[in-house]
>>> print(open('entry_5.cif').read())   # mmCIF, C-alpha atoms and all ligand atoms
data_final
#
loop_
_atom_site.label_atom_id
_atom_site.label_comp_id
_atom_site.auth_asym_id
_atom_site.auth_seq_id
_atom_site.Cartn_x
_atom_site.Cartn_y
_atom_site.Cartn_z
CA MET A 1 0.00 0.00 0.00
CA ILE A 2 2.81 2.37 0.91
CA GLU A 3 4.24 1.63 -2.51
CA ASP A 4 0.91 2.54 -4.18
CA ILE A 5 0.79 5.82 -2.32
CA LYS A 6 4.30 6.69 -3.49
CA ASN A 7 3.23 6.13 -7.06
CA TYR A 8 0.15 8.28 -6.58
CA LEU A 9 2.30 11.04 -5.07
CA GLU A 10 4.55 10.90 -8.09
CA GLU A 11 1.57 11.11 -10.40
CA VAL A 12 0.10 14.08 -8.51
CA LYS A 13 3.41 15.94 -8.63
CA GLU A 14 3.70 15.45 -12.34
CA PHE A 15 0.13 16.22 -13.24
CA THR A 16 -0.44 19.47 -15.02
CA SER A 17 -3.05 20.85 -17.34
CA GLN A 18 -4.63 24.11 -18.34
CA LYS A 19 -7.93 22.62 -19.26
CA VAL A 20 -10.79 22.90 -16.83
CA GLU A 21 -12.13 19.46 -17.73
CA ASP A 22 -8.77 17.72 -17.11
CA ILE A 23 -8.36 19.41 -13.78
CA GLU A 24 -11.88 18.42 -12.76
CA GLN A 25 -11.21 14.84 -13.77
CA PHE A 26 -8.03 14.87 -11.68
CA ARG A 27 -9.98 16.19 -8.70
CA VAL A 28 -12.67 13.51 -9.00
CA LYS A 29 -10.08 10.80 -9.43
CA TYR A 30 -8.47 11.64 -6.08
CA LEU A 31 -11.09 13.43 -4.03
CA GLY A 32 -14.37 12.10 -5.46
CA LYS A 33 -16.69 9.84 -3.48
CA LYS A 34 -15.29 6.76 -5.13
CA GLY A 35 -11.89 8.33 -5.52
CA ILE A 36 -8.46 7.09 -4.53
CA LEU A 37 -8.31 8.86 -1.18
CA ASN A 38 -11.63 7.56 0.06
CA ASP A 39 -10.57 4.11 -1.02
CA LEU A 40 -7.30 4.45 0.90
CA PHE A 41 -9.15 5.61 4.03
CA LEU A 42 -11.39 2.56 3.84
CA LYS A 43 -8.40 0.25 3.55
CA PHE A 44 -6.67 2.16 6.35
CA LYS A 45 -9.34 0.96 8.79
CA GLU A 46 -8.39 -2.63 8.12
CA VAL A 47 -4.61 -2.52 8.57
CA PRO A 48 -3.10 -3.64 11.89
CA ASN A 49 -2.65 -0.93 14.51
CA GLU A 50 1.15 -0.84 14.42
CA GLU A 51 1.08 0.10 10.71
CA LYS A 52 -1.56 2.78 11.15
CA LYS A 53 0.76 5.59 12.14
CA GLU A 54 2.95 5.55 9.09
CA LEU A 55 0.16 4.76 6.68
CA GLY A 56 -1.99 7.56 8.09
CA GLN A 57 0.82 10.02 7.55
CA GLN A 58 1.32 8.90 3.98
CA ILE A 59 -2.36 9.18 3.14
CA ASN A 60 -2.46 12.68 4.62
CA ASN A 61 0.60 13.67 2.62
CA LEU A 62 -1.10 12.53 -0.52
CA LYS A 63 -4.29 14.41 0.31
CA GLN A 64 -2.31 17.59 0.96
CA ALA A 65 -0.39 17.20 -2.28
CA VAL A 66 -3.63 16.82 -4.25
CA ASN A 67 -5.15 19.92 -2.65
CA GLN A 68 -2.03 21.98 -3.23
CA LYS A 69 -1.85 20.94 -6.85
CA LEU A 70 -5.53 21.89 -7.36
CA GLU A 71 -4.92 25.33 -5.81
CA ILE A 72 -1.98 26.02 -8.10
CA LEU A 73 -3.80 24.88 -11.22
CA LYS A 74 -6.84 27.01 -10.35
CA GLU A 75 -4.63 30.08 -9.93
CA THR A 76 -3.01 29.62 -13.31
CA LEU A 77 -6.45 29.13 -14.87
CA LYS A 78 -7.59 32.45 -13.36
CA ASP A 79 -4.54 34.33 -14.68
CA GLN A 80 -5.03 32.81 -18.05
CA ASN A 81 -8.69 33.90 -18.14
CA THR A 82 -7.89 37.50 -17.33
CA SER A 83 -5.09 37.77 -19.84
CA GLU A 84 -7.34 36.27 -22.51
CA ALA A 85 -10.04 38.77 -21.59
CA GLU A 86 -7.59 41.64 -21.75
CA SER A 87 -6.56 40.78 -25.23
CA ASP A 88 -10.17 40.56 -26.43
CA LEU A 89 -10.39 43.79 -28.38
CA THR A 90 -14.11 43.40 -29.03
CA ARG A 91 -15.08 43.69 -25.36
CA PRO A 92 -17.03 46.88 -24.49
CA GLY A 93 -14.83 49.52 -22.87
CA ILE A 94 -15.02 50.63 -19.27
CA SER A 95 -17.07 53.80 -19.28
CA LEU A 96 -16.05 56.70 -17.09
CA ASN A 97 -18.55 59.29 -15.93
CA LEU A 98 -17.60 62.73 -17.16
CA GLY A 99 -17.66 65.51 -14.64
CA SER A 100 -19.53 68.72 -15.24
CA ARG A 101 -19.40 72.25 -13.92
CA HIS A 102 -21.41 73.16 -10.86
CA PRO A 103 -24.41 75.37 -11.71
CA VAL A 104 -23.09 78.10 -9.41
CA ASN A 105 -19.84 78.15 -11.37
CA ILE A 106 -21.61 78.09 -14.72
CA VAL A 107 -23.61 81.20 -13.87
CA LYS A 108 -20.67 82.88 -12.13
CA ASN A 109 -18.56 82.47 -15.28
CA ARG A 110 -21.35 83.82 -17.47
CA ILE A 111 -21.68 86.91 -15.32
CA ILE A 112 -17.91 87.43 -15.35
CA ASN A 113 -17.79 87.13 -19.14
CA ILE A 114 -20.56 89.69 -19.56
CA PHE A 115 -18.70 92.26 -17.46
CA LYS A 116 -15.33 91.42 -18.98
CA LYS A 117 -16.64 92.67 -22.31
CA ILE A 118 -17.01 96.14 -20.82
CA GLY A 119 -13.63 96.23 -19.15
CA PHE A 120 -14.17 94.72 -15.71
CA SER A 121 -11.55 92.38 -14.29
CA VAL A 122 -11.82 89.80 -11.53
CA VAL A 123 -10.20 90.23 -8.12
CA ASP A 124 -10.14 88.10 -5.01
CA GLY A 125 -10.29 88.72 -1.30
CA PRO A 126 -10.05 86.69 1.90
CA GLU A 127 -13.03 84.81 3.29
CA ILE A 128 -11.83 85.35 6.84
CA GLU A 129 -11.99 89.12 7.03
CA ASP A 130 -11.26 91.79 9.59
CA ASP A 131 -13.86 94.10 11.05
CA TRP A 132 -12.52 97.12 9.13
CA HIS A 133 -12.96 95.67 5.64
CA ASN A 134 -16.22 93.83 6.29
CA PHE A 135 -17.99 96.55 8.28
CA THR A 136 -16.29 99.72 9.51
CA ALA A 137 -14.83 100.98 6.24
CA LEU A 138 -18.20 100.31 4.59
CA ASN A 139 -19.84 102.84 6.92
CA MET A 140 -20.88 100.29 9.49
CA SER A 141 -19.00 101.26 12.60
CA GLU A 142 -19.25 99.21 15.78
CA TYR A 143 -22.85 99.17 17.13
CA HIS A 144 -24.16 100.49 13.81
CA PRO A 145 -27.69 99.07 13.51
CA ALA A 146 -27.03 98.04 9.89
CA ARG A 147 -24.72 95.29 11.17
CA ASP A 148 -27.91 93.58 12.28
CA MET A 149 -28.92 93.03 8.65
CA GLN A 150 -26.15 90.46 8.29
CA ASP A 151 -26.03 87.81 11.02
CA THR A 152 -22.34 87.24 11.43
CA PHE A 153 -20.02 84.36 12.33
CA PHE A 154 -17.28 85.69 14.60
CA ILE A 155 -13.90 84.08 15.13
CA GLU A 156 -13.76 83.19 18.83
CA LYS A 157 -10.02 83.56 19.26
CA ASP A 158 -9.89 86.99 17.62
CA PRO A 159 -12.89 89.29 18.12
CA ASP A 160 -11.63 91.48 15.28
CA MET A 161 -12.10 88.74 12.66
CA VAL A 162 -15.29 87.49 11.01
CA LEU A 163 -16.29 85.18 8.18
CA ARG A 164 -17.08 87.80 5.54
CA THR A 165 -20.80 88.46 5.30
CA HIS A 166 -20.56 89.91 1.79
CA THR A 167 -18.04 90.42 -1.00
CA SER A 168 -18.30 94.21 -0.56
CA SER A 169 -15.21 93.88 1.65
CA VAL A 170 -13.13 93.34 -1.50
CA GLN A 171 -14.09 96.85 -2.71
CA ILE A 172 -12.24 98.36 0.23
CA ARG A 173 -9.22 96.11 -0.15
CA TYR A 174 -8.90 96.93 -3.83
CA MET A 175 -9.36 100.68 -3.43
CA GLU A 176 -6.74 100.77 -0.66
CA GLN A 177 -4.19 99.27 -3.04
CA ASN A 178 -5.12 100.85 -6.39
CA THR A 179 -5.96 104.19 -7.92
CA PRO A 180 -8.89 104.91 -10.25
CA PRO A 181 -10.04 104.18 -12.84
CA ILE A 182 -11.24 100.98 -11.17
CA ARG A 183 -13.49 98.40 -12.79
CA ILE A 184 -13.61 95.17 -10.81
CA LEU A 185 -15.77 92.17 -10.08
CA SER A 186 -15.21 90.06 -7.03
CA PRO A 187 -16.97 86.73 -6.89
CA GLY A 188 -16.73 84.47 -3.87
CA ARG A 189 -18.15 82.71 -0.86
CA VAL A 190 -19.88 84.57 1.94
CA TYR A 191 -21.21 83.41 5.29
CA ARG A 192 -24.24 84.29 7.38
CA ASN A 193 -25.25 82.88 10.73
CA GLU A 194 -28.60 81.66 9.47
CA ASP A 195 -30.58 78.45 9.68
CA ILE A 196 -30.40 76.30 6.59
CA SER A 197 -33.74 76.06 4.80
CA ALA A 198 -35.08 75.96 1.25
CA ARG A 199 -34.54 79.73 0.94
CA SER A 200 -31.51 80.48 3.12
CA HIS A 201 -28.10 79.01 3.80
CA CYS A 202 -25.18 79.80 6.09
CA MET A 203 -22.80 79.78 3.08
CA PHE A 204 -23.53 81.10 -0.39
CA HIS A 205 -21.89 83.06 -3.21
CA GLN A 206 -22.00 86.68 -4.25
CA ILE A 207 -20.56 88.79 -7.02
CA GLU A 208 -19.64 92.34 -6.23
CA GLY A 209 -19.03 95.00 -8.85
CA LEU A 210 -17.25 98.32 -8.44
CA TYR A 211 -16.63 101.12 -10.90
CA ILE A 212 -14.73 104.25 -9.84
CA ASP A 213 -13.63 107.07 -12.14
CA THR A 214 -14.14 110.78 -12.69
CA HIS A 215 -17.71 111.79 -13.54
CA VAL A 216 -19.38 108.42 -12.95
CA SER A 217 -23.10 108.99 -12.58
CA PHE A 218 -26.24 107.10 -11.64
CA ALA A 219 -27.09 106.99 -15.35
CA ASP A 220 -23.90 104.96 -15.94
CA LEU A 221 -25.03 102.54 -13.28
CA LYS A 222 -28.45 102.09 -14.82
CA GLN A 223 -27.02 101.68 -18.31
CA THR A 224 -24.52 99.08 -17.10
CA LEU A 225 -27.20 97.06 -15.32
CA GLN A 226 -29.50 97.19 -18.33
CA TYR A 227 -26.70 95.81 -20.46
CA PHE A 228 -26.07 93.11 -17.87
CA THR A 229 -29.66 91.90 -17.55
CA SER A 230 -30.21 91.83 -21.29
CA GLU A 231 -27.03 89.77 -21.76
CA LEU A 232 -27.75 87.33 -18.92
CA PHE A 233 -31.52 86.92 -19.07
CA GLY A 234 -32.33 88.34 -22.49
CA LYS A 235 -34.50 90.87 -20.67
CA SER A 236 -33.58 94.51 -20.59
CA GLU A 237 -36.50 96.13 -18.82
CA ILE A 238 -35.42 96.93 -15.29
CA ARG A 239 -36.64 99.16 -12.52
CA MET A 240 -34.70 100.62 -9.62
CA ARG A 241 -36.47 100.88 -6.29
CA PRO A 242 -35.03 103.24 -3.67
CA SER A 243 -33.41 101.23 -0.90
CA TYR A 244 -30.81 101.51 1.84
CA PHE A 245 -27.25 100.21 2.13
CA PRO A 246 -24.79 101.95 4.46
CA PHE A 247 -22.04 102.06 1.82
CA THR A 248 -24.00 103.59 -1.06
CA GLU A 249 -25.94 106.82 -1.40
CA PRO A 250 -28.37 106.80 -3.09
CA SER A 251 -29.06 103.05 -2.97
CA ALA A 252 -31.42 100.95 -5.01
CA GLU A 253 -32.71 97.45 -5.44
CA VAL A 254 -33.00 96.31 -9.01
CA ASP A 255 -35.89 94.30 -10.40
CA VAL A 256 -35.92 92.80 -13.86
CA TYR A 257 -39.16 92.44 -15.79
CA TRP A 258 -39.52 88.69 -16.17
CA GLY A 259 -42.90 88.72 -17.84
CA LEU A 260 -46.19 87.01 -17.08
CA GLU A 261 -46.43 84.59 -19.94
CA THR A 262 -46.36 81.25 -18.17
CA GLU A 263 -47.72 79.86 -14.97
CA THR A 264 -44.15 79.73 -13.64
CA ASP A 265 -43.71 83.45 -14.36
CA TYR A 266 -46.79 84.10 -12.23
CA ARG A 267 -45.54 81.91 -9.42
CA ILE A 268 -41.97 83.20 -9.16
CA THR A 269 -42.89 86.86 -9.58
CA LYS A 270 -45.89 86.51 -7.26
CA GLY A 271 -48.12 87.76 -10.02
CA THR A 272 -46.23 91.04 -10.53
CA GLY A 273 -43.98 90.08 -13.44
CA TRP A 274 -40.99 91.65 -11.62
CA LEU A 275 -38.07 89.85 -9.95
CA GLU A 276 -35.53 91.35 -7.59
CA ILE A 277 -31.98 90.48 -8.65
CA LEU A 278 -29.47 92.76 -6.94
CA GLY A 279 -28.63 95.72 -4.72
CA CYS A 280 -26.63 98.72 -5.89
CA GLY A 281 -25.93 102.40 -5.50
CA MET A 282 -23.44 105.25 -5.81
CA VAL A 283 -20.47 104.60 -3.53
CA ASP A 284 -20.79 106.82 -0.47
CA PRO A 285 -18.02 109.50 -0.52
CA ASN A 286 -17.14 108.52 3.03
CA VAL A 287 -16.39 104.95 1.86
CA LEU A 288 -14.06 106.35 -0.81
CA LYS A 289 -12.34 108.41 1.87
CA ASN A 290 -12.01 105.37 4.16
CA ALA A 291 -10.22 103.53 1.36
CA GLY A 292 -7.91 106.46 0.59
CA ILE A 293 -9.56 107.74 -2.59
CA ASP A 294 -10.17 111.44 -3.23
CA SER A 295 -13.95 111.74 -3.07
CA GLU A 296 -13.89 115.25 -4.53
CA LYS A 297 -12.27 114.01 -7.68
CA TYR A 298 -13.76 110.56 -8.06
CA SER A 299 -17.17 108.98 -7.87
CA GLY A 300 -18.46 105.54 -8.69
CA PHE A 301 -21.07 102.86 -8.36
CA ALA A 302 -21.20 99.44 -6.77
CA PHE A 303 -23.54 96.50 -6.98
CA GLY A 304 -23.85 93.10 -5.36
CA MET A 305 -25.84 89.99 -6.13
CA GLY A 306 -26.33 86.50 -4.76
CA ILE A 307 -25.32 83.90 -7.34
CA GLU A 308 -27.48 81.07 -5.97
CA ARG A 309 -30.52 83.31 -6.15
CA ILE A 310 -29.89 83.98 -9.82
CA VAL A 311 -29.23 80.30 -10.62
CA MET A 312 -32.49 79.42 -8.88
CA LEU A 313 -34.35 81.90 -11.07
CA MET A 314 -32.70 80.82 -14.29
CA TYR A 315 -33.17 77.10 -13.78
CA GLN A 316 -36.29 77.12 -11.64
CA ILE A 317 -34.57 75.45 -8.69
CA GLY A 318 -36.80 75.67 -5.65
CA ASP A 319 -34.38 74.77 -2.86
CA ILE A 320 -30.99 76.36 -2.14
CA ARG A 321 -29.80 73.20 -0.35
CA MET A 322 -29.56 71.44 -3.71
CA PHE A 323 -26.33 73.35 -4.39
CA THR A 324 -24.47 71.70 -1.55
CA GLU A 325 -26.07 68.26 -1.38
CA ASN A 326 -24.05 66.96 -4.35
CA ASP A 327 -26.90 64.85 -5.66
CA ILE A 328 -25.47 63.53 -8.91
CA ARG A 329 -28.95 63.47 -10.51
CA VAL A 330 -29.20 67.23 -10.04
CA LEU A 331 -25.64 68.03 -11.09
CA GLN A 332 -25.80 65.85 -14.22
CA GLN A 333 -28.54 68.05 -15.62
CA PHE A 334 -25.91 70.73 -16.12
CA SER A 335 -23.46 68.57 -18.01
CA ASN A 336 -24.17 70.30 -21.33
CA GLU A 337 -23.82 73.83 -19.98
CA PHE A 338 -20.68 75.88 -19.81
N1 LIG A 401 -23.36 93.74 0.24
C1 LIG A 401 -24.79 93.73 0.04
C2 LIG A 401 -25.34 92.47 0.69
O1 LIG A 401 -24.64 91.64 1.06
C3 LIG A 401 -25.11 93.72 -1.43
C4 LIG A 401 -24.81 95.05 -2.04
C5 LIG A 401 -25.76 96.00 -2.10
C6 LIG A 401 -23.57 95.29 -2.57
C7 LIG A 401 -25.52 97.25 -2.64
C8 LIG A 401 -23.29 96.51 -3.14
C9 LIG A 401 -24.28 97.49 -3.17
O2 LIG A 401 -22.11 96.83 -3.66
O3 LIG A 401 -24.00 98.71 -3.73
O4 LIG A 401 -26.52 92.34 0.80
#
>>> encode(input="entry_5.cif", output="structure tokens")
Amino acid sequence: MIEDIKNYLEEVKEFTSQKVEDIEQFRVKYLGKKGILNDLFLKFKEVPNEEKKELGQQINNLKQAVNQKLEILKETLKDQNTSEAESDLTRPGISLNLGSRHPVNIVKNRIINIFKKIGFSVVDGPEIEDDWHNFTALNMSEYHPARDMQDTFFIEKDPDMVLRTHTSSVQIRYMEQNTPPIRILSPGRVYRNEDISARSHCMFHQIEGLYIDTHVSFADLKQTLQYFTSELFGKSEIRMRPSYFPFTEPSAEVDVYWGLETETDYRITKGTGWLEILGCGMVDPNVLKNAGIDSEKYSGFAFGMGIERIVMLMYQIGDIRMFTENDIRVLQQFSNEF
């Protein structure tokens, strides 16, 4: 019997094949119900006790050798399958999902391009801002009631620092460093200490515009905004309602005539046909002075708008939270827009 097992061992060692059927046959021959190993175990029961130890060991060796051989052959089969698959040039390719621009960026870029055509350039400012640039220089000194209009996140460690509540702070920074003529846009994130709901968020985006030169008048402001709304919305009828901002005098809120053609027009304009899109005004001479610009010589206008608000109007998005939820089904709808 020991001799038989040696022969089997030899056979197992030498066996090799890359065909599934051969390997299966080999497995059945040794490990099947009526296979060699079961047969050996049956015979094992009948041999005298003193022979059992050695014979048992031999049978186990054989079993191990068979299992090892099967493992190895299975591995090579697997490798072979993948390399065959790789060289199959007719297989469908692996498709990658293309990314697309975020709707806030799409509209931001459009607005920038519209103003670039009339000589505005883009400038940046910090999101963590000091009190001077966010409030005081914009005519909102400490305890000024207008600070209440913008619920603010303060930086605990430094009471002089805030998360900027608007991009108007960049006006001051730019005027401090540059001399007129000035024509800038500053897009960016702003923060308000507000509950998140369908209509409000603690973080959103604004675009600020500033134009300073000699003899800039309110008529220039109106003309510029008319150009802007006709380029962005294809609608050039606007109206300016008197309003209040501490940093502009006079100040206005601008509505664009959206029309009352569809049911949606009725709904979003609350039946009036008009939609508010931004705030603006003539820069207060005191703000010019605060930023080191001669207010006798120069005048200018400023405007500011919320980008999310405009995207929501353009694409009829009813909930501001959609911009930060990263739901791919929402974002994919913008994949053809630039
Ligand atoms: N900073 C204002 C806000 O956050 C928006 C604004 C209004 C900006 C009038 C301006 C402006 O430059 O002239 O609500």
>>> atom_distance(input="entry_5.cif", atom1="CA of Lys222 (chain A)", atom2="CA of Met305 (chain A)")
15.1 Å
>>> residues_around(input="entry_5.cif", residues="Gln223 (chain A)", least_positions_apart="4", cutoff="12 Å", atoms="all atoms listed in the file", output="list in words")
Ile118, Val216, Ser217, Phe218, Ala219, Tyr227, Phe228, Thr229, Ser230, Ser236, Glu237, Ile238, Arg239, Met240 and Phe301 of chain A
>>> write_last_selection(input="entry_5.cif", atoms="C-alpha atoms", output="compact mmCIF listing (two decimals), in the frame of the given file")
# COMPACT_ATOMS: atom_id res chain seq x y z
CA ILE A 118 -17.01 96.14 -20.82
CA VAL A 216 -19.38 108.42 -12.95
CA SER A 217 -23.10 108.99 -12.58
CA PHE A 218 -26.24 107.10 -11.64
CA ALA A 219 -27.09 106.99 -15.35
CA TYR A 227 -26.70 95.81 -20.46
CA PHE A 228 -26.07 93.11 -17.87
CA THR A 229 -29.66 91.90 -17.55
CA SER A 230 -30.21 91.83 -21.29
CA SER A 236 -33.58 94.51 -20.59
CA GLU A 237 -36.50 96.13 -18.82
CA ILE A 238 -35.42 96.93 -15.29
CA ARG A 239 -36.64 99.16 -12.52
CA MET A 240 -34.70 100.62 -9.62
CA PHE A 301 -21.07 102.86 -8.36
>>> residues_around(input="entry_5.cif", residues="Phe120 (chain A)", least_positions_apart="5", cutoff="6 Å", atoms="only C-alpha atoms", output="ChimeraX atom specification")
/A:115,183-184
>>> residues_near_point(input="entry_5.cif", point="(-41.8, 87.5, -7.4)", cutoff="12 Å", atoms="all atoms listed in the file", output="list of chain:residue names")
A:Asp255, A:Val256, A:Tyr257, A:Trp258, A:Gly259, A:Leu260, A:Thr264, A:Asp265, A:Tyr266, A:Arg267, A:Ile268, A:Thr269, A:Lys270, A:Gly271, A:Thr272, A:Gly273, A:Trp274, A:Leu275, A:Glu276, A:Ile277, A:Leu313
>>> closest_atom_pairs(input="entry_5.cif", of="chain A", to="ligand LIG 401 (chain A)", cutoff="6 Å", atoms="all atoms listed in the file", output="JSON lines")
{"residue": "A:His166", "atom": "CA", "partner": "A:LIG401", "partner_atom": "O1", "distance": 4.5}
{"residue": "A:Ser168", "atom": "CA", "partner": "A:LIG401", "partner_atom": "N1", "distance": 5.1}
{"residue": "A:Glu208", "atom": "CA", "partner": "A:LIG401", "partner_atom": "O2", "distance": 5.7}
{"residue": "A:Phe245", "atom": "CA", "partner": "A:LIG401", "partner_atom": "C7", "distance": 5.9}
{"residue": "A:Thr248", "atom": "CA", "partner": "A:LIG401", "partner_atom": "O3", "distance": 5.6}
{"residue": "A:Gly279", "atom": "CA", "partner": "A:LIG401", "partner_atom": "C5", "distance": 3.9}
{"residue": "A:Cys280", "atom": "CA", "partner": "A:LIG401", "partner_atom": "O3", "distance": 3.4}
{"residue": "A:Gly281", "atom": "CA", "partner": "A:LIG401", "partner_atom": "O3", "distance": 4.5}
{"residue": "A:Ala302", "atom": "CA", "partner": "A:LIG401", "partner_atom": "O2", "distance": 4.2}
{"residue": "A:Phe303", "atom": "CA", "partner": "A:LIG401", "partner_atom": "O2", "distance": 3.6}
{"residue": "A:Gly304", "atom": "CA", "partner": "A:LIG401", "partner_atom": "C6", "distance": 3.6}
>>> atom_distance(input="entry_5.cif", atom1="CA of Met322 (chain A)", atom2="CA of Val190 (chain A)")
17.3 Å
>>> atom_distance(input="entry_5.cif", atom1="CA of Glu253 (chain A)", atom2="CA of Asp151 (chain A)")
20.2 Å
>>> residues_near_point(input="entry_5.cif", point="(-7.2, 87.3, -1.5)", cutoff="12 Å", atoms="all atoms listed in the file", output="number ranges by chain")
A: 122-129, 167, 169-171, 173-174, 186-189
>>> residues_around(input="entry_5.cif", residues="Gln333 (chain A)", least_positions_apart="4", cutoff="12 Å", atoms="only C-alpha atoms", output="list of chain:residue names")
A:Gly99, A:Ser100, A:Arg101, A:His102, A:Pro103, A:Tyr315, A:Ile317, A:Asp327, A:Ile328, A:Arg329, A:Glu337, A:Phe338
>>> closest_residue(input="entry_5.cif", among="A:Met282, A:Asp148, A:Ile207, A:Phe15", to="Pro242 (chain A)", atoms="all atoms listed in the file")
A:Met282
>>> closest_residue(input="entry_5.cif", among="A:Thr90, A:Thr214, A:Asn61, A:Thr324", to="Ala198 (chain A)", atoms="all atoms listed in the file")
A:Thr324
>>> closest_residue(input="entry_5.cif", among="A:Tyr298, A:Arg241, A:Arg110, A:Asp131", to="Phe154 (chain A)", atoms="all atoms listed in the file")
A:Asp131
>>> closest_residue(input="entry_5.cif", among="A:Thr262, A:Leu9, A:Asn290, A:Phe247", to="Ala146 (chain A)", atoms="all atoms listed in the file")
A:Phe247
>>> closest_residue(input="entry_5.cif", among="A:Val47, A:Ile59, A:Asp284, A:Leu232", to="Ser251 (chain A)", atoms="all atoms listed in the file")
A:Asp284
>>> residues_around(input="entry_5.cif", residues="Thr76 (chain A)", least_positions_apart="5", cutoff="9 Å", atoms="all atoms listed in the file", output="PyMOL selection string")
chain A and resi 18+71+81
>>> write_last_selection(input="entry_5.cif", atoms="C-alpha atoms", output="short mmCIF file (atom, residue, chain, number, x, y, z; two decimals), in the coordinates of the input")
data_model
loop_
_atom_site.label_atom_id
_atom_site.label_comp_id
_atom_site.auth_asym_id
_atom_site.auth_seq_id
_atom_site.Cartn_x
_atom_site.Cartn_y
_atom_site.Cartn_z
CA GLN A 18 -4.63 24.11 -18.34
CA GLU A 71 -4.92 25.33 -5.81
CA ASN A 81 -8.69 33.90 -18.14
#
>>> decode(input="entry_5.cif", residues="region 160-172 of chain A", atoms="N, CA, C and O atoms", output="compact mmCIF listing (two decimals), in the first residue's frame")
# COMPACT_ATOMS: atom_id res chain seq x y z
N ASP A 160 -11.70 90.54 16.39
CA ASP A 160 -11.63 91.48 15.28
C ASP A 160 -11.90 90.79 13.93
O ASP A 160 -12.06 91.45 12.91
N MET A 161 -11.96 89.46 13.93
CA MET A 161 -12.10 88.74 12.66
C MET A 161 -13.49 88.11 12.52
O MET A 161 -14.06 87.62 13.49
N VAL A 162 -13.99 88.11 11.30
CA VAL A 162 -15.29 87.49 11.01
C VAL A 162 -15.18 86.67 9.72
O VAL A 162 -14.23 86.84 8.95
N LEU A 163 -16.15 85.77 9.51
CA LEU A 163 -16.29 85.18 8.18
C LEU A 163 -17.04 86.24 7.37
O LEU A 163 -18.10 86.69 7.79
N ARG A 164 -16.47 86.66 6.24
CA ARG A 164 -17.08 87.80 5.54
C ARG A 164 -18.56 87.55 5.25
O ARG A 164 -18.94 86.45 4.85
N THR A 165 -19.35 88.60 5.49
CA THR A 165 -20.80 88.46 5.30
C THR A 165 -21.20 88.88 3.90
O THR A 165 -22.33 88.66 3.48
N HIS A 166 -20.29 89.52 3.18
CA HIS A 166 -20.56 89.91 1.79
C HIS A 166 -19.22 90.14 1.08
O HIS A 166 -18.16 90.26 1.72
N THR A 167 -19.28 90.19 -0.26
CA THR A 167 -18.04 90.42 -1.00
C THR A 167 -17.74 91.92 -1.14
O THR A 167 -16.76 92.29 -1.77
N SER A 168 -18.57 92.76 -0.52
CA SER A 168 -18.30 94.21 -0.56
C SER A 168 -16.95 94.53 0.09
O SER A 168 -16.34 95.56 -0.21
N SER A 169 -16.51 93.67 0.99
CA SER A 169 -15.21 93.88 1.65
C SER A 169 -14.06 94.00 0.63
O SER A 169 -13.09 94.71 0.87
N VAL A 170 -14.21 93.33 -0.50
CA VAL A 170 -13.13 93.34 -1.50
C VAL A 170 -13.00 94.73 -2.16
O VAL A 170 -11.92 95.14 -2.57
N GLN A 171 -14.13 95.45 -2.22
CA GLN A 171 -14.09 96.85 -2.71
C GLN A 171 -13.03 97.64 -1.95
O GLN A 171 -12.19 98.32 -2.54
N ILE A 172 -13.13 97.56 -0.63
CA ILE A 172 -12.24 98.36 0.23
C ILE A 172 -10.79 97.93 0.00
O ILE A 172 -9.91 98.75 -0.22
